[in-house]
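Enquirer: Can you read through this structure? Questions will come right after.
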Amino acid sequence: MLDPDYYKVLLEIGVGRRFWQFNPAAENAHAFHVRVVKPLRRLQRRGVVQKLHEITPVDDRTPIAVEIIGQVNLTK
């Protein structure tokens, strides 16, 4: 069973969203990683998302933005 965050990301992909950006006013980088980056990585491993582009700042390894590149197969 998928966590609720995975369903939220799937719903957003379903309506055409392909880019997520960290909002420092709303959450910290770790929360963004858990809410967006981890679900998208898992969907990539399942074959739903073809490729992800993770954007990280020069001084850190935590992604601050994620973009879906390529095809999305919501039937998987």
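Going through the structure tokens in order, the chains are called A, B, and so on, while each chain numbers its residues from 1 and the ligands are numbered from 1 in the order shown.
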For the structure I just gave you, how does DSSP split chain A - specifically, which residues are strand (DSSP E or B)? Reply as a list in words.
Expert: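 Filtering chain A down to strand (DSSP E or B) leaves Phe19, Trp20, Gln21, Val49, Gln50, Lys51, Leu52, His53, Glu54, Ile55, Ala65, Val66, Glu67, Ile68, Ile69, Gly70, Gln71 and Val72 of chain A.
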Enquirer: I want to know what sits within 8 Å of Gln21 in chain A, based on only C-alpha atoms, with residues of the same chain fewer than 2 positions away left out; could you give that as a PyMOL selection string?
Expert: chain A and resi 19+23+64-66
Enquirer: Residues of chain A classed as alpha helix (DSSP H) by DSSP on the backbone are to be reported as an NGL selection string.
Expert: :A and (4-14 or 29-32 or 38-46)
Enquirer: I'd like the interatomic distance between CA of Ala31 in chain A and CA of Val9 in chain A, to a tenth of an Å.
Expert: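 So the two atoms, CA of Ala31 in chain A and CA of Val9 in chain A, lie 14.1 Å apart.
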Enquirer: Rounded to one decimal in Å, what is the spacing between CA of Arg42 in chain A and CA of Ile55 in chain A?
Expert: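 Between these atoms lies a distance of 17.3 Å.
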Enquirer: What gap, in Å, lies between CA of Pro63 in chain A and CA of Glu27 in chain A?
Expert: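 These atoms are spaced 13.2 Å apart.
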Enquirer: My list of candidates is A:Tyr6, A:Ala29, A:Arg35, A:Trp20. Which is closest to Leu52 in chain A when distances are computed with only C-alpha atoms?
Expert: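 Distance minimum relative to Leu52 in chain A lands on A:Trp20.
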Enquirer: Please provide as JSON, numbers by chain all residues within 9 Å of Asn73 in chain A, with the sequence filter that same-chain residues fewer than 5 positions apart are discarded (counting only C-alpha atoms).
Expert: {"A": [47, 48, 49, 50]}
Enquirer: Have a look at A:Ala25, A:Thr62, A:Thr75, A:Ile68 and name the one nearest to Ile13 in chain A; count only C-alpha atoms.
Expert: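 Once distances to Ile13 in chain A are computed over only C-alpha atoms, the minimum belongs to A:Ile68.
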Enquirer: Write out as a list of chain:residue names the residues lying within 12 Å of Tyr7 in chain A, counting only C-alpha atoms and excluding same-chain residues fewer than 6 positions away.
Expert: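 The residues that qualify are A:Met1, A:Ile13, A:Gly14, A:Arg35, A:Val36, A:Pro39, A:Leu40, A:Arg42, A:Leu43, A:Leu74.
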